[in-house]
file upload_13.tsv (TSV, C-alpha atoms)
chain	number	residue	atom	x	y	z
A	23	MET	CA	-16.70	-14.99	10.99
A	24	LYS	CA	-14.79	-11.81	10.20
A	25	PRO	CA	-11.83	-12.22	7.84
A	26	LEU	CA	-8.45	-12.12	9.55
A	27	ILE	CA	-6.40	-9.18	8.26
A	28	GLY	CA	-2.67	-8.95	8.97
A	29	ILE	CA	-1.53	-5.35	9.50
A	30	THR	CA	2.17	-4.57	9.14
A	31	SER	CA	3.87	-2.56	11.85
A	32	SER	CA	6.73	-0.07	11.96
A	33	MET	CA	9.64	0.58	14.33
A	34	GLU	CA	11.99	3.36	15.26
A	35	ILE	CA	15.64	2.89	14.37
A	36	ASP	CA	16.45	1.40	17.79
A	37	GLU	CA	14.02	-1.45	16.93
A	38	THR	CA	12.65	-1.72	20.49
A	39	ASP	CA	8.91	-1.21	19.89
A	40	TYR	CA	6.36	-2.10	17.22
A	41	MET	CA	4.07	0.76	16.14
A	42	VAL	CA	0.84	1.04	14.15
A	43	ASN	CA	-1.18	4.19	13.59
A	44	LYS	CA	-4.65	3.67	15.03
A	45	ASP	CA	-6.26	4.91	11.79
A	46	ASN	CA	-5.14	1.65	10.16
A	47	ILE	CA	-6.79	-0.48	12.83
A	48	ASN	CA	-10.00	1.54	12.71
A	49	ALA	CA	-10.25	1.42	8.92
A	50	ILE	CA	-10.03	-2.39	8.85
A	51	SER	CA	-12.45	-2.77	11.80
A	52	ARG	CA	-15.06	-0.40	10.33
A	53	ALA	CA	-14.98	-2.27	7.03
A	54	GLY	CA	-15.73	-5.55	8.83
A	55	GLY	CA	-12.30	-7.12	9.17
A	56	MET	CA	-10.52	-8.56	12.21
A	57	PRO	CA	-7.24	-6.61	12.50
A	58	VAL	CA	-4.12	-8.44	13.68
A	59	VAL	CA	-0.90	-6.46	14.08
A	60	LEU	CA	2.08	-8.43	12.78
A	61	PRO	CA	5.56	-8.51	14.33
A	62	TYR	CA	8.54	-9.31	12.09
A	63	MET	CA	8.91	-13.07	11.68
A	64	THR	CA	11.24	-15.83	10.55
A	65	GLU	CA	10.82	-17.45	7.13
A	66	GLU	CA	9.09	-20.49	8.65
A	67	ASP	CA	6.64	-18.32	10.60
A	68	ILE	CA	5.97	-16.15	7.54
A	69	GLU	CA	4.74	-19.17	5.58
A	70	GLN	CA	2.45	-20.18	8.44
A	71	ILE	CA	0.97	-16.72	8.98
A	72	ALA	CA	0.41	-16.28	5.23
A	73	SER	CA	-1.60	-19.52	5.26
A	74	THR	CA	-3.63	-18.30	8.25
A	75	LEU	CA	-4.44	-14.75	7.10
A	76	ASP	CA	-7.39	-13.93	4.84
A	77	GLY	CA	-5.76	-10.70	3.69
A	78	LEU	CA	-2.74	-8.44	4.15
A	79	TYR	CA	-2.79	-4.69	4.79
A	80	LEU	CA	0.58	-2.98	4.25
A	81	THR	CA	0.87	0.31	6.15
A	82	GLY	CA	2.98	3.43	5.71
A	83	GLY	CA	6.22	4.28	7.48
A	84	TYR	CA	9.89	4.97	6.88
A	85	ASP	CA	11.86	4.61	3.63
A	86	ILE	CA	12.90	1.38	1.89
A	87	ASP	CA	16.42	-0.01	1.51
A	88	PRO	CA	17.38	0.81	-2.11
A	89	THR	CA	19.67	-2.20	-2.43
A	90	TYR	CA	16.49	-4.25	-2.94
A	91	PHE	CA	16.12	-2.61	-6.35
A	92	GLY	CA	19.80	-2.39	-7.25
A	93	GLU	CA	20.69	1.10	-6.01
A	94	GLU	CA	22.80	2.57	-3.23
A	95	PRO	CA	21.49	5.22	-0.82
A	96	HIS	CA	20.65	8.63	-2.28
A	97	PRO	CA	21.68	11.62	-0.09
A	98	ASN	CA	18.00	12.36	0.56
A	99	LEU	CA	17.08	8.81	1.56
A	100	GLY	CA	15.47	8.84	5.00
A	101	THR	CA	15.42	6.32	7.85
A	102	ILE	CA	15.25	2.65	6.87
A	103	ILE	CA	14.43	-0.36	9.07
A	104	PRO	CA	16.09	-3.35	7.31
A	105	SER	CA	14.26	-5.98	9.35
A	106	ARG	CA	10.90	-4.53	8.26
A	107	ASP	CA	11.87	-4.53	4.58
A	108	ALA	CA	13.00	-8.16	4.67
A	109	PHE	CA	9.89	-9.34	6.53
A	110	GLU	CA	7.41	-7.51	4.33
A	111	ILE	CA	8.97	-8.56	1.04
A	112	ALA	CA	8.96	-12.22	2.12
A	113	LEU	CA	5.36	-12.00	3.37
A	114	ILE	CA	4.12	-10.23	0.23
A	115	LYS	CA	5.63	-12.96	-1.95
A	116	GLN	CA	3.89	-15.63	0.13
A	117	MET	CA	0.54	-13.84	-0.08
A	118	LEU	CA	0.84	-13.38	-3.84
A	119	GLN	CA	1.83	-17.02	-4.28
A	120	LYS	CA	-1.27	-18.07	-2.33
A	121	GLY	CA	-3.50	-15.67	-4.29
A	122	LYS	CA	-4.68	-13.79	-1.21
A	123	PRO	CA	-5.89	-10.15	-1.19
A	124	VAL	CA	-3.42	-7.35	-0.46
A	125	LEU	CA	-4.14	-3.67	0.17
A	126	ALA	CA	-1.08	-1.42	0.48
A	127	VAL	CA	-0.84	2.28	1.35
A	128	CYS	CA	2.02	4.79	0.96
A	129	ARG	CA	5.24	2.92	1.85
A	130	GLY	CA	3.17	-0.25	1.50
A	131	CYS	CA	2.47	0.61	-2.14
A	132	GLN	CA	6.20	0.94	-2.74
A	133	ILE	CA	7.26	-2.26	-0.97
A	134	LEU	CA	4.52	-4.15	-2.86
A	135	ASN	CA	6.04	-2.98	-6.14
A	136	ILE	CA	9.59	-3.83	-5.02
A	137	ALA	CA	8.47	-7.35	-4.02
A	138	ALA	CA	6.96	-7.71	-7.51
A	139	GLY	CA	10.26	-6.74	-9.17
A	140	GLY	CA	9.74	-3.00	-9.68
A	141	ASP	CA	11.81	-0.01	-8.58
A	142	MET	CA	11.21	3.45	-7.13
A	143	TYR	CA	12.43	6.99	-6.68
A	144	GLN	CA	14.35	7.36	-3.43
A	145	ASP	CA	13.45	11.07	-3.43
A	146	ILE	CA	11.06	12.46	-6.03
A	147	TYR	CA	12.08	16.08	-5.51
A	148	SER	CA	15.72	15.53	-6.40
A	149	GLN	CA	15.36	12.65	-8.85
A	150	MET	CA	12.58	13.90	-11.12
A	151	ASP	CA	13.44	16.53	-13.71
A	152	HIS	CA	10.25	18.63	-13.63
A	153	ALA	CA	8.27	20.72	-11.15
A	154	LEU	CA	6.17	18.71	-8.71
A	155	LEU	CA	3.05	19.22	-6.64
A	156	GLN	CA	3.22	19.40	-2.85
A	157	HIS	CA	3.38	15.72	-1.95
A	158	ARG	CA	4.10	16.40	1.71
A	159	GLN	CA	0.96	18.39	2.32
A	160	LYS	CA	0.79	21.17	4.87
A	161	ALA	CA	-2.82	20.40	5.73
A	162	PRO	CA	-4.73	18.08	8.10
A	163	VAL	CA	-4.18	14.39	7.35
A	164	ASN	CA	-7.82	13.86	6.36
A	165	HIS	CA	-7.73	16.63	3.72
A	166	GLY	CA	-7.54	15.70	0.06
A	167	SER	CA	-4.84	18.00	-1.32
A	168	HIS	CA	-4.43	16.89	-4.94
A	169	PHE	CA	-6.13	14.77	-7.60
A	170	VAL	CA	-5.42	11.30	-9.00
A	171	SER	CA	-6.56	10.22	-12.46
A	172	VAL	CA	-7.88	6.65	-12.32
A	173	LEU	CA	-7.56	4.13	-15.14
A	174	LYS	CA	-11.04	3.27	-16.35
A	175	GLY	CA	-11.85	-0.42	-15.94
A	176	SER	CA	-9.17	-0.95	-13.29
A	177	LEU	CA	-9.83	-2.45	-9.87
A	178	LEU	CA	-9.51	1.04	-8.34
A	179	TYR	CA	-12.10	2.33	-10.80
A	180	ARG	CA	-14.48	-0.56	-10.07
A	181	LEU	CA	-14.14	0.05	-6.33
A	182	THR	CA	-14.74	3.80	-6.42
A	183	GLY	CA	-16.68	4.30	-9.66
A	184	LYS	CA	-14.59	7.42	-10.33
A	185	GLU	CA	-12.06	8.50	-12.93
A	186	MET	CA	-10.76	11.25	-10.64
A	187	LEU	CA	-10.08	11.03	-6.90
A	188	LYS	CA	-9.07	13.76	-4.46
A	189	VAL	CA	-6.47	12.31	-2.09
A	190	ASN	CA	-4.16	13.29	0.76
A	191	SER	CA	-0.39	13.19	0.36
A	192	ARG	CA	2.46	12.49	2.79
A	193	HIS	CA	5.48	11.09	0.94
A	194	HIS	CA	8.81	11.93	-0.71
A	195	GLN	CA	9.34	8.55	-2.39
A	196	ALA	CA	7.26	6.98	-5.17
A	197	ASN	CA	7.18	4.02	-7.53
A	198	ARG	CA	9.05	4.44	-10.81
A	199	ASN	CA	9.01	1.28	-12.96
A	200	VAL	CA	6.48	-1.36	-11.96
A	201	GLY	CA	6.99	-5.12	-11.90
A	202	LYS	CA	5.87	-7.23	-14.87
A	203	SER	CA	2.80	-8.52	-13.00
A	204	ILE	CA	1.77	-4.97	-11.98
A	205	GLN	CA	-0.09	-2.23	-13.85
A	206	ILE	CA	-0.36	1.47	-13.05
A	207	SER	CA	-3.97	2.46	-12.36
A	208	GLY	CA	-3.59	5.99	-10.98
A	209	ASN	CA	-1.39	9.03	-11.71
A	210	THR	CA	-1.17	12.67	-10.66
A	211	SER	CA	-0.95	15.65	-13.02
A	212	ASP	CA	2.82	15.75	-12.34
A	213	SER	CA	3.26	12.10	-13.39
A	214	ILE	CA	3.69	10.53	-9.95
A	215	VAL	CA	2.47	6.92	-9.82
A	216	GLU	CA	-0.33	6.97	-7.22
A	217	ALA	CA	-1.98	3.57	-7.68
A	218	ILE	CA	-0.82	0.14	-8.82
A	219	GLU	CA	-2.56	-3.22	-8.99
A	220	SER	CA	-1.91	-6.80	-10.00
A	221	LYS	CA	-2.64	-8.05	-13.50
A	222	ASP	CA	-2.95	-11.60	-12.19
A	223	HIS	CA	-4.81	-11.45	-8.84
A	224	PRO	CA	-8.43	-10.44	-8.11
A	225	PHE	CA	-7.43	-7.98	-5.37
A	226	VAL	CA	-3.88	-6.67	-5.02
A	227	LEU	CA	-3.98	-2.88	-4.82
A	228	GLY	CA	-1.36	-0.30	-3.83
A	229	LEU	CA	-2.20	3.36	-3.13
A	230	GLN	CA	0.38	6.10	-2.61
A	231	TRP	CA	-1.98	8.07	-0.37
A	232	HIS	CA	-3.53	7.32	3.03
A	233	PRO	CA	-7.22	6.36	2.64
A	234	GLU	CA	-7.25	5.20	6.28
A	235	SER	CA	-6.96	8.86	7.28
A	236	MET	CA	-9.86	9.84	4.98
A	237	ILE	CA	-12.40	7.31	6.22
A	238	ASP	CA	-15.25	9.87	6.02
A	239	ASP	CA	-14.57	10.07	2.29
A	240	GLU	CA	-16.91	7.79	0.31
A	241	SER	CA	-14.23	6.48	-2.06
A	242	SER	CA	-11.91	5.64	0.85
A	243	ARG	CA	-14.67	3.66	2.56
A	244	LYS	CA	-15.41	1.77	-0.65
A	245	ILE	CA	-11.76	0.79	-1.03
A	246	PHE	CA	-11.66	-0.78	2.44
A	247	GLN	CA	-15.09	-2.36	2.04
A	248	GLY	CA	-14.05	-3.90	-1.28
A	249	PHE	CA	-10.85	-5.22	0.28
A	250	ILE	CA	-12.69	-6.90	3.15
A	251	ALA	CA	-15.33	-8.28	0.75
A	252	SER	CA	-12.52	-9.82	-1.31
A	253	CYS	CA	-10.97	-11.32	1.83
A	254	ASN	CA	-14.36	-12.84	2.71
A	255	GLN	CA	-14.52	-14.39	-0.74
A	256	LYS	CA	-10.93	-15.67	-0.64
A	257	GLY	CA	-9.75	-13.16	-3.24
A	258	GLU	CA	-12.79	-12.86	-5.51
A	259	PHE	CA	-14.11	-9.37	-6.23
A	260	THR	CA	-16.92	-8.17	-8.46
A	261	SER	CA	-18.59	-4.79	-8.92
A	262	GLU	CA	-21.47	-6.14	-6.84
A	263	ASN	CA	-19.21	-5.74	-3.76
A	264	ASN	CA	-19.08	-1.98	-4.38
call {"tool": "encode", "arguments": {"input": "upload_13.tsv", "output": "structure tokens"}}
result
Amino acid sequence: MKPLIGITSSMEIDETDYMVNKDNINAISRAGGMPVVLPYMTEEDIEQIASTLDGLYLTGGYDIDPTYFGEEPHPNLGTIIPSRDAFEIALIKQMLQKGKPVLAVCRGCQILNIAAGGDMYQDIYSQMDHALLQHRQKAPVNHGSHFVSVLKGSLLYRLTGKEMLKVNSRHHQANRNVGKSIQISGNTSDSIVEAIESKDHPFVLGLQWHPESMIDDESSRKIFQGFIASCNQKGEFTSENN
């Protein structure tokens, strides 16, 4: 049977409709997973769904409530959906506690770090003190616009086999300090954290870019294939899955 992959959803500020970009669904399906879009749930339901899922895929979306990492809103903070933040943080903690695989992209990478005790820049362009690359690219979503240096020996390196990846970029927030159980496994030339992963779990990986929009890219396909392979093996991952 295909592994059951929970996919987080977004909302507009009126909170009337759940939304998921179809690229996320397609990426999980093509890699061999069974995608299930998740609504926001109560604490009791979160524990049950975490026990049922084989893996969790955290998608992109709006900004994150900074009070979760001890800050008040920066003037350049964008839209936040508090119910999404609360649901995802609770679900991530359950998945980590159960040792289940997690793949997180863009906003997902940030909320994964927050759930693990880290913090983030609310707006990189006004909070970092040096010149930055174009992280909100003016190019098609499937175009790799800048490079990421990959930590050799990391999960990301074992998945892709590369020390340098060309990735797309659609964000104005980024992780700053990572949680104690997290390590940084990818950076840009302007020192933006682009990839994080767990020190304790076989497959917990956060990516600041959108590999689901670059599915024709070999490295992007390998990331999703490795994630689904880990979900099939209940969290185990070896280089043989690559």
call {"tool": "closest_residue", "arguments": {"input": "upload_13.tsv", "among": "A:Glu234, A:Glu94, A:Asp212, A:Asp222", "to": "Tyr147 in chain A", "atoms": "all atoms listed in the file"}}
result
A:Asp212
call {"tool": "closest_residue", "arguments": {"input": "upload_13.tsv", "among": "A:Ile114, A:Ile218, A:Leu178, A:Ile86", "to": "Gln144 in chain A", "atoms": "all atoms listed in the file"}}
result
A:Ile86
call {"tool": "atom_distance", "arguments": {"input": "upload_13.tsv", "atom1": "CA of Lys44 in chain A", "atom2": "CA of Ser235 in chain A"}}
result
9.6 Å
call {"tool": "atom_distance", "arguments": {"input": "upload_13.tsv", "atom1": "CA of Gln230 in chain A", "atom2": "CA of Thr38 in chain A"}}
result
27.3 Å
call {"tool": "closest_residue", "arguments": {"input": "upload_13.tsv", "among": "A:Ile103, A:Met186, A:Val200, A:Ala112", "to": "Ile136 in chain A", "atoms": "all atoms listed in the file"}}
result
A:Val200
call {"tool": "closest_residue", "arguments": {"input": "upload_13.tsv", "among": "A:His152, A:Lys188, A:Arg158, A:Arg129", "to": "Glu240 in chain A", "atoms": "only C-alpha atoms"}}
result
A:Lys188
call {"tool": "residues_around", "arguments": {"input": "upload_13.tsv", "residues": "Ser213 in chain A", "least_positions_apart": "3", "cutoff": "10 Å", "atoms": "only C-alpha atoms", "output": "ChimeraX atom specification"}}
result
/A:150,152,154-155,170,198,208-210,216
